[in-house]
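Enquirer: Sharing start-v6.cif (mmCIF, C-alpha atoms) below.
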data_data
#
loop_
_atom_site.label_atom_id
_atom_site.label_comp_id
_atom_site.auth_asym_id
_atom_site.auth_seq_id
_atom_site.Cartn_x
_atom_site.Cartn_y
_atom_site.Cartn_z
CA MET L 1 199.28 -131.24 171.46
CA LEU L 2 201.75 -130.85 168.62
CA SER L 3 199.26 -132.14 166.08
CA TYR L 4 196.64 -129.69 167.38
CA LEU L 5 199.06 -126.77 166.97
CA LEU L 6 199.98 -127.99 163.50
CA ILE L 7 196.33 -128.22 162.46
CA THR L 8 195.68 -124.74 163.88
CA LEU L 9 198.65 -123.27 162.03
CA VAL L 10 197.56 -124.89 158.76
CA ALA L 11 194.01 -123.59 159.24
CA PHE L 12 195.25 -120.08 159.93
CA GLY L 13 197.59 -120.32 156.96
CA LEU L 14 194.83 -121.40 154.60
CA ALA L 15 192.57 -118.65 155.93
CA ALA L 16 195.31 -116.07 155.45
CA LEU L 17 195.95 -117.35 151.92
CA ALA L 18 192.25 -117.15 151.09
CA VAL L 19 192.04 -113.60 152.43
CA THR L 20 195.17 -112.61 150.50
CA MET L 21 193.82 -114.06 147.25
CA TRP L 22 190.42 -112.41 147.80
CA ARG L 23 192.12 -109.09 148.51
CA ARG L 24 194.19 -109.37 145.31
CA VAL L 25 191.03 -109.93 143.27
CA GLU L 26 189.34 -106.97 144.97
CA LEU L 27 192.36 -104.73 144.37
CA LYS L 28 192.39 -105.74 140.71
CA ARG L 29 188.68 -104.92 140.40
CA GLU L 30 189.19 -101.63 142.21
CA ALA L 31 192.09 -100.68 139.94
CA LYS L 32 189.99 -101.43 136.86
CA ALA L 33 187.09 -99.37 138.23
CA THR L 34 189.42 -96.49 139.11
CA ALA L 35 190.82 -96.52 135.57
CA THR L 36 187.27 -96.38 134.17
CA ILE L 37 186.36 -93.49 136.48
CA GLU L 38 189.46 -91.54 135.43
CA ASP L 39 188.74 -92.22 131.76
CA ILE L 40 185.15 -91.00 132.14
CA LYS L 41 186.39 -87.87 133.91
CA GLY L 42 188.68 -87.24 130.94
CA MET L 43 185.60 -86.93 128.72
CA GLY L 44 184.38 -83.94 130.70
CA PRO L 45 181.01 -83.79 132.46
CA VAL L 46 178.89 -86.84 131.59
CA VAL L 47 175.62 -88.22 132.90
CA ALA L 48 173.46 -91.29 132.37
CA ALA L 49 170.75 -90.91 129.72
CA GLY L 50 167.94 -91.61 132.20
CA ARG L 51 167.60 -92.19 135.91
CA HIS L 52 170.67 -93.52 137.69
CA PRO L 53 171.93 -94.18 141.22
CA LYS L 54 173.22 -91.44 143.48
CA ILE L 55 175.21 -92.90 146.37
CA ASP L 56 175.42 -91.15 149.75
CA PRO L 57 179.06 -91.64 150.83
CA ASP L 58 178.19 -90.96 154.48
CA ARG L 59 175.72 -93.85 154.59
CA CYS L 60 177.44 -96.33 152.26
CA ILE L 61 179.21 -99.20 154.06
CA GLY L 62 180.88 -100.64 150.95
CA SER L 63 179.05 -103.97 151.10
CA GLY L 64 179.09 -104.34 147.31
CA ALA L 65 175.44 -105.43 147.27
CA CYS L 66 174.68 -102.79 144.64
CA VAL L 67 177.50 -104.05 142.41
CA ALA L 68 176.25 -107.62 142.63
CA ALA L 69 172.64 -106.60 141.92
CA CYS L 70 173.37 -104.58 138.77
CA PRO L 71 172.84 -106.66 135.59
CA GLU L 72 175.05 -104.25 133.60
CA LYS L 73 178.57 -105.16 134.67
CA GLY L 74 181.06 -102.33 135.20
CA VAL L 75 178.50 -99.63 136.01
CA LEU L 76 179.01 -99.74 139.78
CA ALA L 77 182.12 -100.55 141.82
CA VAL L 78 183.45 -100.39 145.37
CA VAL L 79 186.42 -98.03 145.53
CA ASN L 80 188.22 -97.16 148.76
CA GLY L 81 185.48 -98.88 150.72
CA ARG L 82 182.61 -96.93 149.20
CA GLY L 83 180.23 -97.54 146.32
CA GLU L 84 180.87 -95.51 143.16
CA LEU L 85 178.97 -94.99 139.91
CA ALA L 86 182.02 -95.93 137.85
CA ASN L 87 180.48 -95.72 134.38
CA PRO L 88 177.25 -93.67 134.27
CA LEU L 89 177.15 -93.93 130.47
CA ALA L 90 176.50 -97.68 130.70
CA CYS L 91 173.68 -97.34 133.24
CA VAL L 92 170.19 -98.14 131.91
CA GLY L 93 168.21 -97.39 135.07
CA HIS L 94 167.19 -100.84 136.34
CA GLY L 95 167.10 -99.50 139.91
CA LEU L 96 167.99 -102.92 141.35
CA CYS L 97 170.99 -101.35 143.10
CA MET L 98 168.72 -99.18 145.24
CA ASP L 99 166.63 -102.17 146.29
CA ALA L 100 169.74 -104.19 147.15
CA CYS L 101 171.46 -101.56 149.31
CA PRO L 102 171.24 -102.71 152.97
CA VAL L 103 171.56 -99.18 154.40
CA GLU L 104 169.40 -97.24 151.90
CA ALA L 105 172.36 -95.18 150.72
CA ILE L 106 171.14 -95.07 147.10
CA THR L 107 168.52 -92.87 145.49
CA LEU L 108 167.62 -92.79 141.80
CA VAL L 109 168.04 -89.39 140.18
CA TYR L 110 168.08 -87.60 136.83
CA GLY L 111 170.88 -85.34 135.64
CA SER L 112 173.81 -84.26 137.76
CA ARG L 113 175.31 -81.22 139.42
CA ASP L 114 177.15 -80.44 136.17
CA ILE L 115 174.62 -81.54 133.54
CA THR L 116 170.95 -80.60 133.33
CA VAL L 117 168.44 -83.11 131.97
CA ASN L 118 165.12 -81.64 130.82
CA LEU L 119 162.10 -83.84 131.49
CA PRO L 120 158.37 -83.16 131.09
CA ARG L 121 156.45 -82.09 134.17
CA ILE L 122 153.99 -84.93 134.72
CA ASP L 123 151.78 -86.03 137.60
CA GLU L 124 151.23 -89.54 138.94
CA SER L 125 148.90 -90.32 136.03
CA LEU L 126 151.61 -89.10 133.59
CA GLN L 127 149.45 -86.12 132.58
CA THR L 128 151.36 -82.96 131.68
CA ASN L 129 150.52 -79.35 132.47
CA VAL L 130 148.16 -79.52 129.45
CA PRO L 131 144.98 -81.36 130.57
CA GLY L 132 144.41 -84.43 128.42
CA LEU L 133 148.01 -84.59 127.16
CA PHE L 134 150.10 -87.45 128.57
CA VAL L 135 153.77 -88.46 128.21
CA CYS L 136 155.06 -91.97 128.86
CA GLY L 137 157.96 -94.20 127.86
CA GLU L 138 161.54 -93.01 127.37
CA ALA L 139 160.48 -89.39 126.79
CA SER L 140 159.32 -89.26 130.42
CA GLY L 141 162.84 -90.15 131.54
CA MET L 142 162.03 -93.76 132.37
CA GLY L 143 163.77 -96.47 130.37
CA LEU L 144 163.26 -100.25 130.20
CA ILE L 145 160.42 -102.09 128.49
CA ARG L 146 158.65 -103.14 131.68
CA ASN L 147 158.55 -99.52 132.88
CA ALA L 148 157.25 -98.34 129.50
CA VAL L 149 154.45 -100.93 129.60
CA ARG L 150 153.52 -99.94 133.16
CA GLN L 151 153.43 -96.25 132.23
CA GLY L 152 151.30 -96.88 129.15
CA LYS L 153 148.75 -98.73 131.27
CA THR L 154 148.80 -95.97 133.92
CA ALA L 155 148.03 -93.22 131.40
CA ALA L 156 145.30 -95.31 129.78
CA ALA L 157 143.65 -96.08 133.13
CA HIS L 158 143.42 -92.38 133.97
CA ILE L 159 141.95 -91.51 130.56
CA ALA L 160 139.41 -94.32 130.77
CA ALA L 161 138.31 -93.16 134.24
CA SER L 162 137.94 -89.53 133.10
CA GLU L 163 135.02 -87.97 131.25
CA ARG L 164 137.10 -86.84 128.28
CA ARG L 165 135.62 -88.36 125.14
CA GLY L 166 135.74 -87.44 121.48
CA LYS L 167 133.18 -85.13 119.91
CA ALA L 168 131.94 -85.21 116.31
CA ASP L 169 134.91 -86.23 114.16
CA ALA L 170 137.28 -86.58 117.13
CA VAL L 171 138.26 -90.01 118.46
CA ASP L 172 138.67 -90.55 122.18
CA VAL L 173 142.47 -90.93 122.16
CA ILE L 174 145.40 -90.60 119.78
CA VAL L 175 148.51 -92.50 120.89
CA VAL L 176 151.75 -91.29 119.29
CA GLY L 177 154.46 -93.95 119.22
CA ALA L 178 154.02 -97.68 118.62
CA GLY L 179 156.69 -98.91 121.00
CA PRO L 180 156.06 -100.80 124.27
CA ALA L 181 154.44 -97.82 126.04
CA GLY L 182 152.22 -96.96 123.07
CA ILE L 183 151.16 -100.56 122.48
CA ALA L 184 150.32 -101.07 126.17
CA ALA L 185 148.32 -97.83 126.29
CA THR L 186 146.44 -98.71 123.09
CA LEU L 187 145.55 -102.19 124.34
CA ALA L 188 144.33 -100.84 127.69
CA LEU L 189 142.18 -98.19 125.97
CA MET L 190 140.74 -100.73 123.52
CA GLU L 191 139.93 -103.02 126.45
CA LYS L 192 137.84 -100.21 127.95
CA GLY L 193 135.99 -99.69 124.67
CA LEU L 194 137.51 -96.32 123.76
CA ARG L 195 138.06 -95.22 120.17
CA VAL L 196 141.81 -95.07 119.58
CA GLN L 197 144.25 -94.20 116.82
CA LEU L 198 147.89 -95.33 117.08
CA LEU L 199 150.37 -93.28 115.04
CA ASP L 200 154.03 -93.98 114.38
CA ARG L 201 156.52 -92.58 111.90
CA GLU L 202 157.76 -96.11 111.25
CA GLU L 203 156.35 -99.58 111.96
CA LEU L 204 154.94 -101.40 114.96
CA GLY L 205 157.59 -101.90 117.64
CA GLY L 206 159.27 -98.50 117.71
CA THR L 207 162.97 -98.31 118.54
CA ILE L 208 163.15 -102.07 119.04
CA ARG L 209 163.07 -102.60 115.27
CA HIS L 210 166.36 -100.71 115.02
CA TYR L 211 168.15 -103.03 117.43
CA PRO L 212 170.78 -105.29 115.85
CA ARG L 213 169.73 -108.83 115.02
CA ALA L 214 169.54 -111.16 118.06
CA LYS L 215 170.13 -108.33 120.55
CA LEU L 216 168.94 -109.42 123.99
CA VAL L 217 166.64 -107.03 125.84
CA MET L 218 165.80 -107.31 129.53
CA THR L 219 162.01 -107.30 129.89
CA GLY L 220 161.09 -109.05 133.12
CA THR L 221 157.52 -110.31 133.42
CA LEU L 222 155.18 -108.15 131.34
CA GLU L 223 151.44 -107.92 131.93
CA LEU L 224 149.85 -106.64 128.72
CA PRO L 225 146.16 -105.66 128.63
CA MET L 226 143.97 -108.12 126.67
CA TYR L 227 147.03 -110.29 125.95
CA GLY L 228 148.02 -111.44 129.44
CA LYS L 229 151.41 -112.25 130.96
CA VAL L 230 154.67 -112.58 129.08
CA ARG L 231 157.13 -114.39 131.34
CA SER L 232 160.73 -113.92 130.25
CA SER L 233 163.72 -112.26 131.88
CA THR L 234 165.20 -111.53 128.45
CA MET L 235 163.95 -111.62 124.88
CA SER L 236 165.74 -111.17 121.58
CA LYS L 237 164.83 -108.41 119.15
CA GLU L 238 163.16 -110.99 116.92
CA GLN L 239 161.09 -112.41 119.79
CA LEU L 240 159.88 -108.95 120.76
CA VAL L 241 158.94 -108.04 117.20
CA ALA L 242 157.12 -111.38 116.91
CA LEU L 243 155.26 -110.58 120.15
CA TRP L 244 154.06 -107.21 118.82
CA GLN L 245 153.04 -108.80 115.52
CA ASP L 246 151.10 -111.52 117.33
CA ILE L 247 149.29 -108.86 119.36
CA ASP L 248 148.46 -106.94 116.18
CA GLU L 249 147.11 -110.05 114.47
CA ARG L 250 144.98 -111.02 117.46
CA PHE L 251 143.57 -107.61 118.34
CA SER L 252 143.91 -105.54 115.11
CA LEU L 253 145.70 -102.54 116.57
CA PRO L 254 144.46 -99.27 115.00
CA LEU L 255 147.95 -98.46 113.69
CA ARG L 256 148.66 -95.81 111.07
CA ALA L 257 152.32 -96.33 110.16
CA GLY L 258 154.44 -93.75 108.33
CA GLU L 259 152.83 -90.90 110.26
CA LEU L 260 155.34 -88.34 111.52
CA VAL L 261 153.57 -86.15 114.08
CA GLU L 262 154.62 -82.53 113.69
CA GLU L 263 152.10 -80.59 115.76
CA VAL L 264 149.71 -81.08 118.67
CA ALA L 265 147.43 -78.19 119.64
CA GLN L 266 144.33 -77.84 121.80
CA GLU L 267 141.34 -76.25 120.09
CA ALA L 268 138.55 -74.05 121.46
CA ASP L 269 136.21 -77.01 122.09
CA GLY L 270 138.85 -78.75 124.21
CA MET L 271 139.71 -81.32 121.56
CA PHE L 272 143.30 -81.83 120.38
CA ALA L 273 144.28 -81.30 116.75
CA VAL L 274 147.17 -83.57 115.74
CA HIS L 275 148.99 -82.85 112.50
CA SER L 276 150.89 -85.75 110.95
CA THR L 277 152.11 -86.81 107.51
CA SER L 278 148.63 -87.48 106.12
CA GLY L 279 146.97 -84.38 107.57
CA TRP L 280 144.97 -83.42 110.65
CA SER L 281 143.26 -85.73 113.17
CA ARG L 282 141.28 -84.84 116.29
CA ALA L 283 141.05 -86.48 119.71
CA ALA L 284 139.87 -85.75 123.24
CA SER L 285 143.18 -86.95 124.72
CA VAL L 286 146.68 -87.56 123.39
CA VAL L 287 149.31 -89.96 124.72
CA LEU L 288 152.86 -89.14 123.61
CA ALA L 289 154.65 -92.49 123.95
CA LEU L 290 157.88 -91.26 122.42
CA GLY L 291 161.34 -92.78 122.45
CA ARG L 292 164.57 -91.04 123.38
CA ARG L 293 166.15 -91.45 119.95
CA GLY L 294 164.78 -88.27 118.38
CA THR L 295 166.19 -86.97 115.10
CA PRO L 296 169.60 -88.48 114.21
CA GLN L 297 172.56 -86.19 114.77
CA LYS L 298 174.72 -85.52 111.72
CA LEU L 299 178.48 -85.21 111.32
CA GLY L 300 178.38 -82.11 109.16
CA VAL L 301 181.15 -83.26 106.80
CA PRO L 302 181.37 -83.25 102.98
CA GLY L 303 179.72 -86.29 101.41
CA GLU L 304 177.32 -87.01 104.25
CA ASP L 305 174.40 -86.61 101.85
CA LEU L 306 175.55 -89.55 99.68
CA ASP L 307 173.13 -92.46 99.29
CA LYS L 308 175.59 -94.86 100.94
CA VAL L 309 175.27 -93.01 104.29
CA ALA L 310 172.72 -94.35 106.78
CA TYR L 311 171.80 -93.54 110.39
CA LEU L 312 170.55 -96.95 111.47
CA LEU L 313 171.07 -100.62 110.72
CA LEU L 314 167.99 -102.70 109.99
CA GLU L 315 169.60 -105.86 108.61
CA PRO L 316 173.33 -106.66 108.16
CA SER L 317 172.47 -108.39 104.88
CA GLU L 318 171.97 -104.94 103.32
CA PHE L 319 175.78 -104.51 103.48
CA ALA L 320 176.82 -107.95 102.18
CA GLY L 321 180.14 -107.79 100.31
CA LYS L 322 180.72 -104.15 101.26
CA HIS L 323 183.43 -102.29 103.16
CA VAL L 324 181.44 -100.68 106.01
CA LEU L 325 182.45 -98.01 108.50
CA VAL L 326 180.42 -97.39 111.66
CA ILE L 327 180.88 -93.97 113.25
CA GLY L 328 180.34 -93.56 116.99
CA GLY L 329 181.34 -95.18 120.27
CA GLY L 330 178.15 -95.63 122.27
CA ASN L 331 176.05 -98.75 122.65
CA SER L 332 174.18 -98.21 119.38
CA ALA L 333 177.36 -97.83 117.32
CA VAL L 334 179.14 -100.75 118.96
CA GLU L 335 176.10 -103.03 118.64
CA CYS L 336 175.89 -102.06 114.98
CA ALA L 337 179.54 -103.03 114.39
CA ILE L 338 179.03 -106.28 116.32
CA ALA L 339 175.98 -107.20 114.24
CA LEU L 340 177.82 -106.55 110.97
CA ALA L 341 180.92 -108.48 112.01
CA GLU L 342 179.06 -111.46 113.47
CA ASP L 343 176.87 -111.70 110.37
CA GLY L 344 180.07 -112.29 108.41
CA GLY L 345 178.76 -110.98 105.10
CA CYS L 346 180.72 -107.71 104.89
CA ALA L 347 184.00 -107.36 103.06
CA SER L 348 185.27 -105.45 106.10
CA VAL L 349 183.90 -103.70 109.19
CA GLY L 350 185.53 -100.69 110.84
CA ILE L 351 184.45 -98.42 113.68
CA SER L 352 185.63 -94.82 114.00
CA TYR L 353 185.44 -93.19 117.42
CA ARG L 354 186.99 -90.01 118.75
CA ARG L 355 187.84 -91.53 122.16
CA SER L 356 190.51 -94.07 123.10
CA ASP L 357 188.08 -96.85 124.11
CA PHE L 358 184.41 -97.76 124.39
CA ALA L 359 183.83 -96.74 128.02
CA ARG L 360 180.37 -95.43 127.13
CA CYS L 361 179.17 -98.98 126.44
CA ARG L 362 177.69 -101.66 128.63
CA GLY L 363 180.09 -104.32 129.85
CA GLU L 364 178.74 -107.05 127.58
CA ASN L 365 179.15 -104.84 124.50
CA ARG L 366 182.70 -103.89 125.47
CA ALA L 367 183.60 -107.56 125.84
CA ARG L 368 182.05 -108.55 122.50
CA ILE L 369 183.58 -105.73 120.48
CA GLY L 370 186.94 -106.38 122.16
CA ALA L 371 186.83 -110.03 121.14
CA LEU L 372 185.94 -109.14 117.55
CA ILE L 373 188.75 -106.59 117.36
CA GLU L 374 191.24 -109.10 118.76
CA ALA L 375 190.07 -111.66 116.19
CA GLY L 376 190.60 -109.15 113.38
CA ARG L 377 186.93 -109.05 112.44
CA VAL L 378 186.49 -105.37 113.33
CA ARG L 379 189.10 -102.70 112.69
CA PRO L 380 189.14 -100.06 115.46
CA LEU L 381 189.85 -96.51 114.32
CA LEU L 382 190.08 -94.98 117.78
CA LYS L 383 190.97 -91.35 118.41
CA THR L 384 189.80 -90.47 114.90
CA ASN L 385 187.29 -88.12 113.31
CA VAL L 386 185.79 -88.53 109.85
CA SER L 387 186.62 -85.48 107.73
CA GLU L 388 185.16 -86.46 104.33
CA ILE L 389 183.02 -89.14 102.69
CA THR L 390 183.29 -89.92 98.98
CA GLU L 391 181.66 -92.51 96.72
CA GLN L 392 184.37 -95.12 97.27
CA GLU L 393 186.36 -93.89 100.28
CA VAL L 394 186.24 -92.26 103.70
CA ARG L 395 188.92 -89.90 104.96
CA VAL L 396 189.65 -89.95 108.69
CA ARG L 397 191.92 -87.72 110.77
CA HIS L 398 193.83 -89.26 113.68
CA ASP L 399 194.33 -87.20 116.84
CA ASP L 400 198.07 -86.96 116.08
CA GLY L 401 197.24 -85.12 112.85
CA ARG L 402 197.67 -88.02 110.43
CA GLU L 403 195.17 -88.32 107.57
CA GLU L 404 194.10 -91.76 106.36
CA THR L 405 191.93 -92.75 103.41
CA ILE L 406 190.18 -96.12 103.61
CA PRO L 407 188.10 -98.01 100.99
CA ASN L 408 184.40 -97.73 101.74
CA ASP L 409 181.03 -98.74 100.32
CA GLY L 410 178.77 -97.89 103.25
CA VAL L 411 178.74 -95.57 106.28
CA ILE L 412 176.48 -95.92 109.32
CA ILE L 413 176.46 -92.87 111.61
CA GLN L 414 175.44 -93.57 115.22
CA ILE L 415 176.33 -90.48 117.24
CA GLY L 416 173.05 -89.76 118.99
CA GLY L 417 170.12 -87.56 118.13
CA THR L 418 168.04 -84.52 119.02
CA PRO L 419 166.19 -85.26 122.29
CA PRO L 420 162.36 -85.34 122.29
CA SER L 421 162.31 -82.51 124.85
CA GLN L 422 162.36 -79.97 122.02
CA LEU L 423 159.31 -81.57 120.42
CA LEU L 424 157.48 -81.73 123.75
CA SER L 425 158.14 -78.04 124.38
CA LYS L 426 156.73 -77.27 120.94
CA PHE L 427 153.53 -79.07 121.94
CA GLY L 428 153.18 -76.87 125.03
CA VAL L 429 154.53 -79.33 127.58
CA GLU L 430 156.30 -77.67 130.50
CA MET L 431 159.81 -79.03 131.01
CA VAL L 432 161.60 -79.42 134.34
CA ALA L 433 165.37 -79.13 134.70
CA LYS L 434 166.82 -82.04 136.69
CA ARG L 435 170.27 -81.62 138.21
CA GLY L 436 170.91 -84.75 140.21
CA HIS L 437 167.69 -84.91 142.19
CA GLU L 438 164.71 -87.28 142.07
#
Show me this structure written as structure tokens.

Expert:
Amino acid sequence: MLSYLLITLVAFGLAALAVTMWRRVELKREAKATATIEDIKGMGPVVAAGRHPKIDPDRCIGSGACVAACPEKGVLAVVNGRGELANPLACVGHGLCMDACPVEAITLVYGSRDITVNLPRIDESLQTNVPGLFVCGEASGMGLIRNAVRQGKTAAAHIAASERRGKADAVDVIVVGAGPAGIAATLALMEKGLRVQLLDREELGGTIRHYPRAKLVMTGTLELPMYGKVRSSTMSKEQLVALWQDIDERFSLPLRAGELVEEVAQEADGMFAVHSTSGWSRAASVVLALGRRGTPQKLGVPGEDLDKVAYLLLEPSEFAGKHVLVIGGGNSAVECAIALAEDGGCASVGISYRRSDFARCRGENRARIGALIEAGRVRPLLKTNVSEITEQEVRVRHDDGREETIPNDGVIIQIGGTPPSQLLSKFGVEMVAKRGHE
């Protein structure tokens, strides 16, 4: 009897210890999430760039299934027994949280009560209010490569099934943007025998070419027309670029690179006139497969027009032996600083950001930049603003009023850009204001 009681007491003791340890871990996680939430609130109204989860507190049971399902750590958290979108700025719109919720307490929305997000009005085929004009990819509000590919195929299928075809000197379709959505649409249209032109202001691959070297991108299984299945949960930038190049070599994509599209207008005969760098082209339908990057935003400080100032990083080797300063605190800026530091070729790497930390970044990026800062490979200039750029220096102002001049050979500005909504409006696309609804 005594041994039975002893065993029972030990069992209860171990169970209580396990519960206590689990609770300590949960409290630590909750405290970290609460700190992130408070820090985000300190920035003023913020919202995720694309679609993001909206959690119904009356239905949420705090299971944590959404937290476990999210690949981007630190975006969601359970606080006071309820799910919270702790860091909306790090959300990329996977939507796995909604699928994982056992009580259907999550919906995916755009914008918020405080911030309006303008998106094109499109139907199920991704056609806008202008017949024959389609929008897909990031400009439609949908991120992720697999979504872009799916949308490109959807728009192409509708065009192929329609009776809209080019007349005289007009091709059947002009696709603007050679990223995942544009490539998928072009392949699907070619497969159906339509005459297509693919225009891009840069090279094949779109925004992906601007990713830092070796950046991992979540793709999932992709089904590309003519090419077949690409099975990979993640791919590096280099693997993706190699994939697009392989597709181009095998199917001879009708790409015209270096073509900045400035105007799209419908003519009297129903054809579209598209004005780009080399002049006018005509088509029966147009697919705008645009990214979210838009035109780079500028600082507006003296010296920004110097040749040493750039707005994107193609290869770290361009800055070998140089003192480089990255300006910005989002994912693009942090990934840029990481790429430069990990390459090891720069004389020094600094990052200037007006906030106190990198809460706008995904968890993996925060961990990597933190490790590089701790190792002394990146100098953080937090709570600073650049006030002047000269040939050999950069002047920064700390939030306590101190001025500091640092040696500099190269500046990379990564503070966002003008959204494509302005360009879409110019083309006659009706925009819809989203304020936290689907």

Enquirer: Just to confirm, what's the straight-line distance from atom CA of L:Lys167 to atom CA of L:Val196 in Å (one decimal)?

Expert: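 A separation of 13.2 Å between them.
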
Enquirer: Between atom CA of L:Glu104 and atom CA of L:Pro57, what distance in Å does the model show, to one decimal?

Expert: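 Computing the Euclidean distance for atom CA of L:Glu104 and atom CA of L:Pro57 yields 11.2 Å.
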
Enquirer: Once the PyMOL selection byres ((chain L and resi 176-191) around 8) has been evaluated on this model, what residues remain selected, and can you format them as a ChimeraX atom specification?

Expert: /L:136-137,145,148-157,160,174-175,192-196,198-201,203-208,224-226,253,255,261,286-291

Enquirer: Can you list, as a PyMOL selection string, every protein, DNA or RNA residue that comes within 12 Å of stretch 379-387 of chain L when you count only C-alpha atoms, leaving out same-chain residues fewer than 6 positions away?

Expert: chain L and resi 298-304+323-329+334+337-338+341+347-358+369-373+393-406+411-413+415

Enquirer: Rounded to one decimal place, report the atom CA of L:Asp58-atom CA of L:Gly81 distance in Å.

Expert: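 Distance reported for this atom pair: 11.4 Å.
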
Enquirer: How would you write, as a PDB file with C-alpha atoms, in the frame of the given file, the residues chosen by the PyMOL selection byres ((chain L and resi 280-283) around 9) on this structure?

Expert:
ATOM      1  CA  ARG L 165     135.620 -88.360 125.140  1.00  0.00           C
ATOM      2  CA  GLY L 166     135.740 -87.440 121.480  1.00  0.00           C
ATOM      3  CA  LYS L 167     133.180 -85.130 119.910  1.00  0.00           C
ATOM      4  CA  ASP L 169     134.910 -86.230 114.160  1.00  0.00           C
ATOM      5  CA  ALA L 170     137.280 -86.580 117.130  1.00  0.00           C
ATOM      6  CA  VAL L 171     138.260 -90.010 118.460  1.00  0.00           C
ATOM      7  CA  ASP L 172     138.670 -90.550 122.180  1.00  0.00           C
ATOM      8  CA  VAL L 173     142.470 -90.930 122.160  1.00  0.00           C
ATOM      9  CA  ILE L 174     145.400 -90.600 119.780  1.00  0.00           C
ATOM     10  CA  VAL L 196     141.810 -95.070 119.580  1.00  0.00           C
ATOM     11  CA  GLN L 197     144.250 -94.200 116.820  1.00  0.00           C
ATOM     12  CA  MET L 271     139.710 -81.320 121.560  1.00  0.00           C
ATOM     13  CA  PHE L 272     143.300 -81.830 120.380  1.00  0.00           C
ATOM     14  CA  ALA L 273     144.280 -81.300 116.750  1.00  0.00           C
ATOM     15  CA  VAL L 274     147.170 -83.570 115.740  1.00  0.00           C
ATOM     16  CA  HIS L 275     148.990 -82.850 112.500  1.00  0.00           C
ATOM     17  CA  SER L 276     150.890 -85.750 110.950  1.00  0.00           C
ATOM     18  CA  THR L 277     152.110 -86.810 107.510  1.00  0.00           C
ATOM     19  CA  SER L 278     148.630 -87.480 106.120  1.00  0.00           C
ATOM     20  CA  GLY L 279     146.970 -84.380 107.570  1.00  0.00           C
ATOM     21  CA  ALA L 284     139.870 -85.750 123.240  1.00  0.00           C
ATOM     22  CA  SER L 285     143.180 -86.950 124.720  1.00  0.00           C
ATOM     23  CA  VAL L 286     146.680 -87.560 123.390  1.00  0.00           C
TER      24      VAL L 286
END

Enquirer: Can you translate the PyMOL selection byres ((chain L and resi 231) around 6) into the concrete residues it hits in this file, as a ChimeraX atom specification?

Expert: /L:221,230,232

Enquirer: Restricting the calculation to only C-alpha atoms: of L:Ala105, L:Leu89, L:Val309, L:Leu126, which residue gets closest to L:Gly64?

Expert: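 Counting only C-alpha atoms, the residue closest to L:Gly64 is L:Ala105.
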
Enquirer: Which residue gives the smallest distance to L:Ala49 among L:Ala161, L:Leu133, L:Ala265, L:Val109, with all atoms listed in the file counted?

Expert: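 Checking each candidate against L:Ala49, we get L:Val109 as the closest.
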
Enquirer: If you count only C-alpha atoms, which residues fall within 12 Å of L:Ala242, apart from same-chain ones fewer than 5 positions away, as JSON, numbers by chain?

Expert: {"L": [204, 205, 208, 209, 235, 236, 237, 247, 248, 249]}

Enquirer: Limited to C-alpha atoms, could you put the picked residues into a file as an mmCIF file, in the frame of the given file?

Expert:
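File out19.cif, as written:
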data_model
loop_
_atom_site.group_PDB
_atom_site.id
_atom_site.type_symbol
_atom_site.label_atom_id
_atom_site.label_comp_id
_atom_site.auth_asym_id
_atom_site.auth_seq_id
_atom_site.Cartn_x
_atom_site.Cartn_y
_atom_site.Cartn_z
ATOM 1 C CA LEU L 204 154.940 -101.400 114.960
ATOM 2 C CA GLY L 205 157.590 -101.900 117.640
ATOM 3 C CA ILE L 208 163.150 -102.070 119.040
ATOM 4 C CA ARG L 209 163.070 -102.600 115.270
ATOM 5 C CA MET L 235 163.950 -111.620 124.880
ATOM 6 C CA SER L 236 165.740 -111.170 121.580
ATOM 7 C CA LYS L 237 164.830 -108.410 119.150
ATOM 8 C CA ILE L 247 149.290 -108.860 119.360
ATOM 9 C CA ASP L 248 148.460 -106.940 116.180
ATOM 10 C CA GLU L 249 147.110 -110.050 114.470
#

Enquirer: Please list as a PyMOL selection string every residue within 10 Å of L:Ala320, counting all atoms listed in the file and excluding residues in the same chain fewer than 6 positions away.

Expert: chain L and resi 340+343-348

Enquirer: Restricting the calculation to all atoms listed in the file: of L:Arg113, L:His52, L:Arg366, L:Arg377, which residue gets closest to L:Glu342?

Expert: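 Of L:Arg113, L:His52, L:Arg366, L:Arg377, the one nearest L:Glu342, counting all atoms listed in the file, is L:Arg377.
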
Enquirer: Would you mind putting N, CA and C atoms back on stretch 71-75 of chain L and writing the result as a PDB file, in the coordinates of the input?

Expert:
ATOM      1  N   PRO L  71     172.654-105.730 136.712  1.00  0.00           N
ATOM      2  CA  PRO L  71     172.840-106.660 135.590  1.00  0.00           C
ATOM      3  C   PRO L  71     173.866-106.159 134.568  1.00  0.00           C
ATOM      4  N   GLU L  72     174.105-104.846 134.553  1.00  0.00           N
ATOM      5  CA  GLU L  72     175.050-104.250 133.600  1.00  0.00           C
ATOM      6  C   GLU L  72     176.414-104.165 134.269  1.00  0.00           C
ATOM      7  N   LYS L  73     177.288-105.090 133.981  1.00  0.00           N
ATOM      8  CA  LYS L  73     178.570-105.160 134.670  1.00  0.00           C
ATOM      9  C   LYS L  73     179.460-103.963 134.334  1.00  0.00           C
ATOM     10  N   GLY L  74     180.149-103.450 135.388  1.00  0.00           N
ATOM     11  CA  GLY L  74     181.060-102.330 135.200  1.00  0.00           C
ATOM     12  C   GLY L  74     180.453-100.977 135.455  1.00  0.00           C
ATOM     13  N   VAL L  75     179.157-100.921 135.737  1.00  0.00           N
ATOM     14  CA  VAL L  75     178.500 -99.630 136.010  1.00  0.00           C
ATOM     15  C   VAL L  75     178.845 -99.157 137.411  1.00  0.00           C
TER      16      VAL L  75
END
